[in-house]
$ cat work_31.csv   # CSV, C-alpha atoms
chain,number,residue,atom,x,y,z
A,21,MET,CA,95.8,67.6,94.0
A,22,ILE,CA,95.6,69.3,97.4
A,23,PHE,CA,96.6,73.0,97.5
A,24,VAL,CA,97.7,74.3,100.9
A,25,THR,CA,97.9,78.1,101.4
A,26,VAL,CA,98.6,80.3,104.4
A,27,GLY,CA,98.5,83.7,102.8
A,28,HIS,CA,101.3,86.2,102.4
A,29,GLN,CA,101.2,88.2,105.6
A,30,MET,CA,102.7,85.7,108.1
A,31,PRO,CA,103.8,82.1,108.0
A,32,PHE,CA,101.7,79.4,109.7
A,33,ASP,CA,104.2,76.6,110.4
A,34,ARG,CA,101.8,74.7,112.7
A,35,LEU,CA,99.5,74.0,109.7
A,36,VAL,CA,102.3,73.4,107.1
A,37,ARG,CA,104.1,71.0,109.5
A,38,ALA,CA,101.0,69.0,110.1
A,39,VAL,CA,100.3,68.6,106.4
A,40,ASP,CA,103.9,67.7,105.7
A,41,ASP,CA,103.8,65.0,108.4
A,42,TRP,CA,100.5,63.7,107.1
A,43,ALA,CA,101.8,63.6,103.5
A,44,ALA,CA,104.8,61.6,104.7
A,45,ALA,CA,102.7,59.1,106.6
A,46,HIS,CA,100.4,58.6,103.7
A,47,LYS,CA,103.0,58.8,100.9
A,48,ARG,CA,101.1,61.5,99.2
A,49,ASP,CA,102.8,63.1,96.3
A,50,ASP,CA,99.9,65.4,95.2
A,51,VAL,CA,100.3,68.2,97.7
A,52,PHE,CA,101.5,71.7,96.9
A,53,ALA,CA,101.9,74.3,99.6
A,54,GLN,CA,102.3,78.1,99.6
A,55,ILE,CA,103.9,78.6,103.0
A,56,GLY,CA,105.0,82.2,103.4
A,57,THR,CA,108.4,83.5,104.5
A,58,THR,CA,109.5,81.0,107.2
A,59,ASP,CA,112.4,79.0,108.4
A,60,TYR,CA,110.5,75.8,108.3
A,61,VAL,CA,111.2,73.7,105.2
A,62,PRO,CA,108.7,71.0,104.4
A,63,SER,CA,110.4,67.7,103.3
A,64,HIS,CA,107.6,65.7,101.9
A,65,ILE,CA,105.5,68.2,99.9
A,66,GLU,CA,106.2,70.6,97.1
A,67,TRP,CA,106.2,74.2,98.3
A,68,SER,CA,106.8,77.9,97.5
A,69,ALA,CA,107.1,80.8,99.9
A,70,THR,CA,104.8,83.0,97.8
A,71,ILE,CA,102.8,82.7,94.5
A,72,ASP,CA,101.3,85.5,92.4
A,73,PRO,CA,97.5,86.1,92.4
A,74,SER,CA,96.9,84.5,89.0
A,75,GLU,CA,98.7,81.3,90.0
A,76,PHE,CA,96.8,81.4,93.3
A,77,GLN,CA,93.5,81.4,91.5
A,78,GLN,CA,94.6,78.8,89.0
A,79,ARG,CA,95.8,76.4,91.8
A,80,ILE,CA,92.5,76.8,93.7
A,81,ARG,CA,90.6,76.2,90.4
A,82,ASP,CA,92.6,73.0,89.7
A,83,ALA,CA,92.7,71.6,93.2
A,84,ASP,CA,90.5,68.8,94.5
A,85,ALA,CA,90.6,70.5,97.9
A,86,VAL,CA,92.1,73.6,99.5
A,87,VAL,CA,93.7,73.3,102.9
A,88,ALA,CA,94.3,76.8,104.4
A,89,HIS,CA,94.3,79.2,107.3
A,90,ALA,CA,90.9,80.8,107.9
A,91,GLY,CA,91.7,83.9,105.8
A,92,MET,CA,88.8,85.5,104.0
A,93,GLY,CA,90.7,86.0,100.7
A,94,THR,CA,91.3,82.2,100.4
A,95,ILE,CA,87.8,81.3,101.7
A,96,LEU,CA,86.0,83.6,99.3
A,97,THR,CA,88.2,82.6,96.3
A,98,ALA,CA,87.5,78.9,97.1
A,99,PHE,CA,83.7,79.6,97.3
A,100,GLU,CA,83.9,81.6,94.0
A,101,LEU,CA,85.7,78.8,92.2
A,102,GLY,CA,83.6,76.0,93.8
A,103,THR,CA,86.6,74.1,95.3
A,104,PRO,CA,86.0,72.4,98.7
A,105,ILE,CA,88.0,74.0,101.5
A,106,LEU,CA,89.3,72.8,104.9
A,107,VAL,CA,90.5,75.5,107.2
A,108,MET,CA,92.6,75.6,110.4
A,109,PRO,CA,92.3,79.0,112.2
A,110,ARG,CA,95.3,81.0,113.3
A,111,ARG,CA,95.5,81.7,117.0
A,112,GLY,CA,96.1,85.1,118.5
A,113,ALA,CA,97.7,83.6,121.6
A,114,LEU,CA,100.3,81.9,119.5
A,115,HIS,CA,101.1,85.2,117.7
A,116,GLU,CA,99.9,83.7,114.4
A,117,THR,CA,97.7,86.7,113.8
A,118,ARG,CA,96.5,89.7,115.9
A,119,ASN,CA,93.6,88.0,117.6
A,120,ASP,CA,91.2,85.0,117.4
A,121,HIS,CA,89.2,86.4,114.5
A,122,GLN,CA,90.0,83.3,112.4
A,123,VAL,CA,88.6,81.0,115.0
A,124,ALA,CA,85.3,83.0,114.8
A,125,THR,CA,85.4,82.9,111.0
A,126,ALA,CA,86.0,79.1,111.0
A,127,GLU,CA,83.2,78.4,113.5
A,128,ARG,CA,80.7,80.7,111.8
A,129,PHE,CA,81.2,79.3,108.3
A,130,LEU,CA,81.2,75.7,109.7
A,131,GLU,CA,77.8,76.4,111.2
A,132,MET,CA,76.6,77.6,107.8
A,133,GLY,CA,77.8,74.3,106.3
A,134,ARG,CA,80.1,76.1,103.9
A,135,LEU,CA,83.5,74.6,104.8
A,136,ALA,CA,85.3,72.0,106.9
A,137,VAL,CA,87.3,72.9,110.0
A,138,ALA,CA,90.2,71.5,111.9
A,139,MET,CA,90.5,73.5,115.1
A,140,ASP,CA,94.2,72.6,115.6
A,141,GLU,CA,97.1,70.5,114.3
A,142,ASN,CA,95.8,67.4,116.2
A,143,GLU,CA,92.5,67.5,114.4
A,144,LEU,CA,94.0,68.2,111.0
A,145,PRO,CA,95.4,64.8,110.1
A,146,LYS,CA,92.0,63.2,110.8
A,147,MET,CA,90.3,65.7,108.6
A,148,LEU,CA,92.9,65.2,105.9
A,149,ASP,CA,92.2,61.5,105.9
A,150,ARG,CA,88.7,62.4,104.7
A,151,VAL,CA,89.8,65.2,102.4
A,152,SER,CA,88.6,63.4,99.3
A,153,ASP,CA,85.1,63.3,100.7
A,154,LEU,CA,84.9,67.1,101.1
A,155,THR,CA,82.3,68.8,99.0
A,156,ALA,CA,81.8,72.5,98.1
A,157,GLY,CA,78.4,74.0,98.2
A,158,GLY,CA,78.8,74.8,94.5
A,159,ALA,CA,80.4,77.9,93.1
A,160,ILE,CA,78.9,81.1,94.3
A,161,SER,CA,78.5,84.2,92.1
A,162,SER,CA,81.4,86.5,91.8
A,163,GLN,CA,79.4,89.4,93.3
A,164,ALA,CA,78.2,90.6,96.7
A,165,SER,CA,74.6,90.1,97.7
A,166,PRO,CA,72.1,92.1,95.6
A,167,GLU,CA,70.9,93.8,98.8
A,168,LEU,CA,74.5,95.2,99.5
A,169,LEU,CA,75.1,96.2,95.9
A,170,GLN,CA,71.9,98.0,95.8
A,171,ALA,CA,72.5,99.8,99.1
A,172,LEU,CA,76.0,100.9,97.9
A,173,ALA,CA,74.8,102.1,94.5
A,174,ALA,CA,71.9,104.0,96.0
A,175,PHE,CA,74.4,105.8,98.4
A,176,ILE,CA,76.8,106.5,95.6
A,177,HIS,CA,74.2,108.0,93.3
A,178,GLN,CA,72.3,109.9,96.0
A,179,THR,CA,71.9,113.5,95.0
A,180,ASP,CA,74.3,115.8,96.9
A,181,GLN,CA,72.7,118.1,99.4
B,8,MET,CA,66.1,125.8,95.3
B,9,SER,CA,65.6,122.5,93.6
B,10,LYS,CA,68.2,121.0,91.3
B,11,ASN,CA,67.6,120.9,87.6
B,12,SER,CA,66.9,117.2,87.2
B,13,THR,CA,67.0,117.3,83.4
B,14,LYS,CA,70.6,118.4,83.3
B,15,PRO,CA,72.9,115.4,82.9
B,16,ARG,CA,75.1,115.1,85.9
B,17,SER,CA,78.7,114.2,85.2
B,18,ARG,CA,79.9,110.7,86.2
B,19,LYS,CA,80.6,110.1,89.8
B,20,LYS,CA,84.2,109.6,90.7
B,21,ILE,CA,84.9,106.8,93.1
B,22,LEU,CA,88.1,106.0,95.0
B,23,ALA,CA,87.9,102.3,95.9
B,24,VAL,CA,90.6,101.3,98.4
B,25,ALA,CA,91.7,97.9,99.9
B,26,SER,CA,94.8,96.2,101.1
B,27,ALA,CA,95.7,92.8,99.8
B,28,GLY,CA,94.1,89.4,100.2
B,29,GLY,CA,90.6,89.2,101.7
B,30,HIS,CA,90.2,93.0,101.8
B,31,TRP,CA,90.8,93.1,98.0
B,32,VAL,CA,88.6,90.1,97.2
B,33,GLN,CA,85.7,91.8,99.1
B,34,LEU,CA,86.3,95.1,97.2
B,35,ARG,CA,86.2,93.3,93.9
B,36,ARG,CA,82.9,91.6,94.9
B,37,ILE,CA,81.2,95.0,95.5
B,38,SER,CA,82.6,96.6,92.3
B,39,PRO,CA,79.3,96.1,90.3
B,40,ALA,CA,77.9,98.8,92.6
B,41,PHE,CA,80.3,101.2,90.8
B,42,ASP,CA,78.7,100.7,87.4
B,43,GLY,CA,78.4,104.0,85.6
B,44,CYS,CA,81.1,105.7,87.7
B,45,ASP,CA,84.7,106.5,87.0
B,46,VAL,CA,86.6,104.3,89.5
B,47,THR,CA,90.2,104.6,90.7
B,48,TYR,CA,91.3,101.5,92.5
B,49,VAL,CA,94.0,101.8,95.2
B,50,THR,CA,95.7,98.7,96.7
B,51,VAL,CA,99.2,97.4,97.7
B,52,GLU,CA,99.7,94.6,95.2
B,53,LYS,CA,100.5,95.6,91.6
B,54,SER,CA,99.5,92.3,90.0
B,55,TYR,CA,95.9,93.0,90.9
B,56,LYS,CA,95.8,95.4,87.9
B,57,ASP,CA,94.7,92.5,85.7
B,58,GLN,CA,91.5,92.3,87.7
B,59,VAL,CA,90.2,95.8,87.1
B,60,GLY,CA,89.9,96.0,83.3
B,61,ASP,CA,90.4,99.5,82.1
B,62,ALA,CA,89.8,101.2,85.4
B,63,ASP,CA,92.4,103.6,86.9
B,64,PHE,CA,94.7,101.6,89.2
B,65,ARG,CA,97.2,102.8,91.7
B,66,VAL,CA,99.6,101.0,94.1
B,67,VAL,CA,100.8,102.3,97.4
B,68,PHE,CA,103.3,101.0,100.0
B,69,ASP,CA,102.1,98.0,102.0
B,70,ALA,CA,102.1,98.8,105.7
B,71,THR,CA,100.2,97.8,108.8
B,72,ARG,CA,100.0,99.8,112.0
B,73,TRP,CA,103.1,98.0,113.3
B,74,ASN,CA,105.5,99.8,110.8
B,75,LYS,CA,105.4,103.5,111.4
B,76,PHE,CA,107.8,104.5,108.6
B,77,LYS,CA,105.9,102.6,105.9
B,78,LEU,CA,102.7,104.0,107.3
B,79,VAL,CA,103.8,107.5,106.8
B,80,VAL,CA,104.9,106.9,103.2
B,81,MET,CA,101.6,105.2,102.5
B,82,LEU,CA,99.7,108.1,104.0
B,83,LEU,CA,101.6,110.6,101.8
B,84,GLN,CA,100.9,108.4,98.7
B,85,ILE,CA,97.2,108.2,99.5
B,86,ALA,CA,97.0,112.0,100.2
B,87,TRP,CA,98.5,112.6,96.8
B,88,ILE,CA,96.1,110.3,95.0
B,89,VAL,CA,93.0,111.8,96.8
B,90,LEU,CA,94.2,115.3,95.9
B,91,ARG,CA,94.6,114.4,92.3
B,92,VAL,CA,91.5,112.3,91.8
B,93,ARG,CA,89.2,114.5,93.9
B,94,PRO,CA,86.6,111.6,94.3
B,95,ASP,CA,82.9,112.2,95.0
B,96,VAL,CA,82.9,109.0,97.1
B,97,VAL,CA,85.7,107.1,98.9
B,98,ILE,CA,84.9,103.5,99.7
B,99,SER,CA,87.0,100.9,101.5
B,100,THR,CA,86.8,97.3,102.8
B,101,GLY,CA,90.0,97.9,104.9
B,102,ALA,CA,92.5,98.2,106.2
B,103,ALA,CA,95.2,100.8,106.7
B,104,PRO,CA,95.1,102.4,103.2
B,105,GLY,CA,91.3,102.6,103.4
B,106,PHE,CA,91.5,104.3,106.8
B,107,PHE,CA,93.8,107.0,105.4
B,108,ALA,CA,91.8,107.4,102.2
B,109,LEU,CA,88.5,107.9,104.1
B,110,ARG,CA,90.1,110.5,106.5
B,111,ILE,CA,91.6,112.5,103.7
B,112,GLY,CA,88.7,112.1,101.4
B,113,LYS,CA,86.3,113.4,104.1
B,114,LEU,CA,88.6,116.5,104.7
B,115,LEU,CA,88.2,117.3,101.0
B,116,GLY,CA,84.5,116.9,101.0
B,117,ALA,CA,84.0,113.4,99.6
B,118,ARG,CA,81.2,111.2,101.0
B,119,THR,CA,82.7,108.0,102.5
B,120,ILE,CA,81.8,104.4,103.0
B,121,TRP,CA,83.5,102.0,105.4
B,122,LEU,CA,82.5,98.4,104.7
B,123,ASP,CA,83.9,96.4,107.6
B,124,SER,CA,85.4,93.0,106.6
B,125,ILE,CA,83.2,89.9,106.7
B,126,ALA,CA,86.1,88.4,108.7
B,127,ASN,CA,85.1,90.6,111.7
B,128,ILE,CA,82.4,88.5,113.1
B,129,GLU,CA,82.7,89.1,116.9
B,130,VAL,CA,84.0,92.6,117.0
B,131,MET,CA,84.7,95.4,114.4
B,132,SER,CA,88.2,95.7,113.2
B,133,MET,CA,90.6,98.2,114.9
B,134,SER,CA,90.5,100.5,111.9
B,135,GLY,CA,86.8,100.0,111.6
B,136,GLN,CA,86.1,101.1,115.1
B,137,LYS,CA,88.3,104.2,114.6
B,138,ILE,CA,87.1,105.2,111.2
B,139,GLY,CA,83.5,104.0,111.3
B,140,PRO,CA,81.9,106.8,113.3
B,141,ASN,CA,83.8,109.2,110.9
B,142,ALA,CA,82.4,107.7,107.7
B,143,THR,CA,79.2,108.9,106.0
B,144,LEU,CA,78.1,105.3,105.6
B,145,TRP,CA,79.4,102.8,108.1
B,146,LEU,CA,78.5,99.1,107.4
B,147,THR,CA,79.1,95.8,109.1
B,148,GLN,CA,78.5,92.5,107.2
B,149,TRP,CA,77.0,90.8,110.2
B,150,ALA,CA,73.4,91.7,111.3
B,151,HIS,CA,74.3,90.9,115.0
B,152,LEU,CA,77.0,93.6,115.0
B,153,ALA,CA,74.7,96.4,113.8
B,154,LYS,CA,73.6,98.9,116.4
B,155,GLU,CA,72.0,102.3,117.0
B,156,GLY,CA,74.4,105.0,115.8
B,157,GLY,CA,76.3,102.5,113.5
B,158,PRO,CA,77.5,100.4,112.1
B,159,GLU,CA,74.5,99.5,109.9
B,160,PHE,CA,73.8,96.1,108.3
B,161,LYS,CA,72.8,96.1,104.6
B,162,GLY,CA,73.9,92.7,103.4
B,163,SER,CA,77.3,91.1,102.8
B,164,VAL,CA,79.8,90.3,100.1
B,165,LEU,CA,78.5,86.7,100.1
$ encode --input "work_31.csv" --output "structure tokens"
Amino acid sequence: MIFVTVGHQMPFDRLVRAVDDWAAAHKRDDVFAQIGTTDYVPSHIEWSATIDPSEFQQRIRDADAVVAHAGMGTILTAFELGTPILVMPRRGALHETRNDHQVATAERFLEMGRLAVAMDENELPKMLDRVSDLTAGGAISSQASPELLQALAAFIHQTDQ
Amino acid sequence: MSKNSTKPRSRKKILAVASAGGHWVQLRRISPAFDGCDVTYVTVEKSYKDQVGDADFRVVFDATRWNKFKLVVMLLQIAWIVLRVRPDVVISTGAAPGFFALRIGKLLGARTIWLDSIANIEVMSMSGQKIGPNATLWLTQWAHLAKEGGPEFKGSVL
């Protein structure tokens, strides 16, 4: 099963449309997409505008691969649950989010070898063709780095002056 | 005069604030740092309550800086919560609700922590740039963004 998600803040039709077309071309019936509030209605995949957080977690847990915008909530959840993830970043210039921070996120995590990236809707079908080859780096712990946790705890328990 | 170190100090009160999605996931990942404290979580999504166990949990209006009316309601809700909880420490991973909570918390004498989102790799977030210099502890999650005068880098949520 492929789980597609674009988050709840804004739709991302460029991604959803590309996945829908790909599913049609390959006669895939194992794609479910959370697409946000949008006028675009996919015709070849199952979809829902929104899903609640527990279903979100469950779908990521059960999926063979996650295909998503480059939002940190989705990326971190996929890492935590050990599900491979392919992201396509939203673009500021297309008013898909406020700036190109998702492009930077996608590039940086790609360099770190932690996820797969399709930079746009033209690259996405090629990446989807290889989606079953995607691997996750193994589930990460559910906690921040020990270094950060220790710094925060030290600050919190610092004696008041 | 030195403090009496043998006297047990009461548990610290933490106000931990994040909007939905990635901000919330990051707040959850740093929550082990709050062990031994009384934590009040503030977010915009009521179904997150399942994720905080028995901790105090409050929900405020969801708003971004683009919707002024909702922002004002959110500000009032957060002011009320800060006044009632009287936290020792206010911590946020972003965005708008954390910005307000840090401002108001600081006015009331709390120490404050702004942990800028790991999503901000090239530049600090808008709210981070505004609130950071005002926070007691201002952190980025990317070493290359740390600089003299803040933000500091002390690890990330990964």
$ residues_around --input "work_31.csv" --residues "Gly116 (chain B)" --least-positions-apart "3" --cutoff "10 Å" --atoms "only C-alpha atoms" --output "short mmCIF file (atom, residue, chain, number, x, y, z; two decimals) with C-alpha atoms, in the frame of the given file"
data_model
loop_
_atom_site.label_atom_id
_atom_site.label_comp_id
_atom_site.auth_asym_id
_atom_site.auth_seq_id
_atom_site.Cartn_x
_atom_site.Cartn_y
_atom_site.Cartn_z
CA ARG B 93 89.20 114.50 93.90
CA PRO B 94 86.60 111.60 94.30
CA ASP B 95 82.90 112.20 95.00
CA VAL B 96 82.90 109.00 97.10
CA ILE B 111 91.60 112.50 103.70
CA GLY B 112 88.70 112.10 101.40
CA LYS B 113 86.30 113.40 104.10
CA THR B 119 82.70 108.00 102.50
#
$ interface_residues --input "work_31.csv" --of "chain A" --to "chain B" --cutoff "10 Å" --atoms "all atoms listed in the file" --output "ChimeraX atom specification"
/A:27-29,72-74,90-97,99-100,120-126,128,160-177,179-181
$ atom_distance --input "work_31.csv" --atom1 "CA of Trp42 (chain A)" --atom2 "CA of Glu66 (chain A)"
13.4 Å
$ atom_distance --input "work_31.csv" --atom1 "CA of Asp63 (chain B)" --atom2 "CA of Trp121 (chain B)"
20.6 Å
$ residues_around --input "work_31.csv" --residues "Val66 (chain B)" --least-positions-apart "6" --cutoff "12 Å" --atoms "all atoms listed in the file" --output "ChimeraX atom specification"
/B:23-27,47-56,81,84-85,87-88,104
$ atom_distance --input "work_31.csv" --atom1 "CA of Leu148 (chain A)" --atom2 "CA of Phe32 (chain A)"
17.1 Å
$ residues_near_point --input "work_31.csv" --point "(110.3, 68.0, 100.3)" --cutoff "12 Å" --atoms "all atoms listed in the file" --output "list in words"
Val36, Arg37, Val39, Asp40, Asp41, Ala43, Ala44, Lys47, Arg48, Asp49, Asp50, Val51, Phe52, Ala53, Tyr60, Val61, Pro62, Ser63, His64, Ile65, Glu66, Trp67 and Ser68 of chain A
$ build_atoms --input "work_31.csv" --residues "region 36-62 of chain A" --atoms "N, CA and C atoms" --output "JSON list (two decimals), keeping the file's coordinate frame"
[["chain", "number", "residue", "atom", "x", "y", "z"],
["A", 36, "VAL", "N", 101.48, 73.96, 108.19],
["A", 36, "VAL", "CA", 102.30, 73.40, 107.10],
["A", 36, "VAL", "C", 102.99, 72.08, 107.64],
["A", 37, "ARG", "N", 103.48, 72.13, 108.88],
["A", 37, "ARG", "CA", 104.10, 71.00, 109.50],
["A", 37, "ARG", "C", 103.18, 69.77, 109.57],
["A", 38, "ALA", "N", 101.96, 70.05, 110.00],
["A", 38, "ALA", "CA", 101.00, 69.00, 110.10],
["A", 38, "ALA", "C", 100.65, 68.34, 108.79],
["A", 39, "VAL", "N", 100.55, 69.18, 107.74],
["A", 39, "VAL", "CA", 100.30, 68.60, 106.40],
["A", 39, "VAL", "C", 101.46, 67.85, 105.89],
["A", 40, "ASP", "N", 102.65, 68.37, 106.15],
["A", 40, "ASP", "CA", 103.90, 67.70, 105.70],
["A", 40, "ASP", "C", 103.99, 66.31, 106.34],
["A", 41, "ASP", "N", 103.75, 66.24, 107.64],
["A", 41, "ASP", "CA", 103.80, 65.00, 108.40],
["A", 41, "ASP", "C", 102.76, 63.99, 107.83],
["A", 42, "TRP", "N", 101.57, 64.53, 107.59],
["A", 42, "TRP", "CA", 100.50, 63.70, 107.10],
["A", 42, "TRP", "C", 100.83, 63.13, 105.68],
["A", 43, "ALA", "N", 101.38, 64.00, 104.83],
["A", 43, "ALA", "CA", 101.80, 63.60, 103.50],
["A", 43, "ALA", "C", 102.83, 62.49, 103.54],
["A", 44, "ALA", "N", 103.77, 62.63, 104.49],
["A", 44, "ALA", "CA", 104.80, 61.60, 104.70],
["A", 44, "ALA", "C", 104.21, 60.29, 105.09],
["A", 45, "ALA", "N", 103.33, 60.34, 106.08],
["A", 45, "ALA", "CA", 102.70, 59.10, 106.60],
["A", 45, "ALA", "C", 101.88, 58.40, 105.58],
["A", 46, "HIS", "N", 101.27, 59.16, 104.67],
["A", 46, "HIS", "CA", 100.40, 58.60, 103.70],
["A", 46, "HIS", "C", 101.00, 58.47, 102.29],
["A", 47, "LYS", "N", 102.30, 58.79, 102.22],
["A", 47, "LYS", "CA", 103.00, 58.80, 100.90],
["A", 47, "LYS", "C", 102.27, 59.51, 99.84],
["A", 48, "ARG", "N", 101.79, 60.70, 100.18],
["A", 48, "ARG", "CA", 101.10, 61.50, 99.20],
["A", 48, "ARG", "C", 102.05, 62.34, 98.41],
["A", 49, "ASP", "N", 101.91, 62.32, 97.09],
["A", 49, "ASP", "CA", 102.80, 63.10, 96.30],
["A", 49, "ASP", "C", 102.01, 64.16, 95.47],
["A", 50, "ASP", "N", 100.80, 64.45, 95.96],
["A", 50, "ASP", "CA", 99.90, 65.40, 95.20],
["A", 50, "ASP", "C", 99.55, 66.58, 96.06],
["A", 51, "VAL", "N", 100.53, 67.04, 96.86],
["A", 51, "VAL", "CA", 100.30, 68.20, 97.70],
["A", 51, "VAL", "C", 101.24, 69.33, 97.34],
["A", 52, "PHE", "N", 100.69, 70.53, 97.15],
["A", 52, "PHE", "CA", 101.50, 71.70, 96.90],
["A", 52, "PHE", "C", 101.14, 72.75, 97.95],
["A", 53, "ALA", "N", 102.16, 73.38, 98.57],
["A", 53, "ALA", "CA", 101.90, 74.30, 99.60],
["A", 53, "ALA", "C", 102.53, 75.69, 99.38],
["A", 54, "GLN", "N", 101.76, 76.75, 99.58],
["A", 54, "GLN", "CA", 102.30, 78.10, 99.60],
["A", 54, "GLN", "C", 102.44, 78.41, 101.12],
["A", 55, "ILE", "N", 103.68, 78.59, 101.58],
["A", 55, "ILE", "CA", 103.90, 78.60, 103.00],
["A", 55, "ILE", "C", 104.39, 79.89, 103.63],
["A", 56, "GLY", "N", 104.54, 80.94, 102.81],
["A", 56, "GLY", "CA", 105.00, 82.20, 103.40],
["A", 56, "GLY", "C", 106.49, 82.23, 103.63],
["A", 57, "THR", "N", 106.97, 83.34, 104.18],
["A", 57, "THR", "CA", 108.40, 83.50, 104.50],
["A", 57, "THR", "C", 108.66, 82.90, 105.85],
["A", 58, "THR", "N", 109.31, 81.74, 105.89],
["A", 58, "THR", "CA", 109.50, 81.00, 107.20],
["A", 58, "THR", "C", 110.76, 80.19, 107.12],
["A", 59, "ASP", "N", 111.24, 79.82, 108.30],
["A", 59, "ASP", "CA", 112.40, 79.00, 108.40],
["A", 59, "ASP", "C", 112.11, 77.51, 108.20],
["A", 60, "TYR", "N", 110.85, 77.18, 108.42],
["A", 60, "TYR", "CA", 110.50, 75.80, 108.30],
["A", 60, "TYR", "C", 110.47, 75.31, 106.87],
["A", 61, "VAL", "N", 111.18, 74.23, 106.59],
["A", 61, "VAL", "CA", 111.20, 73.70, 105.20],
["A", 61, "VAL", "C", 110.54, 72.35, 105.18],
["A", 62, "PRO", "N", 109.41, 72.27, 104.48],
["A", 62, "PRO", "CA", 108.70, 71.00, 104.40],
["A", 62, "PRO", "C", 109.60, 69.98, 103.61]]
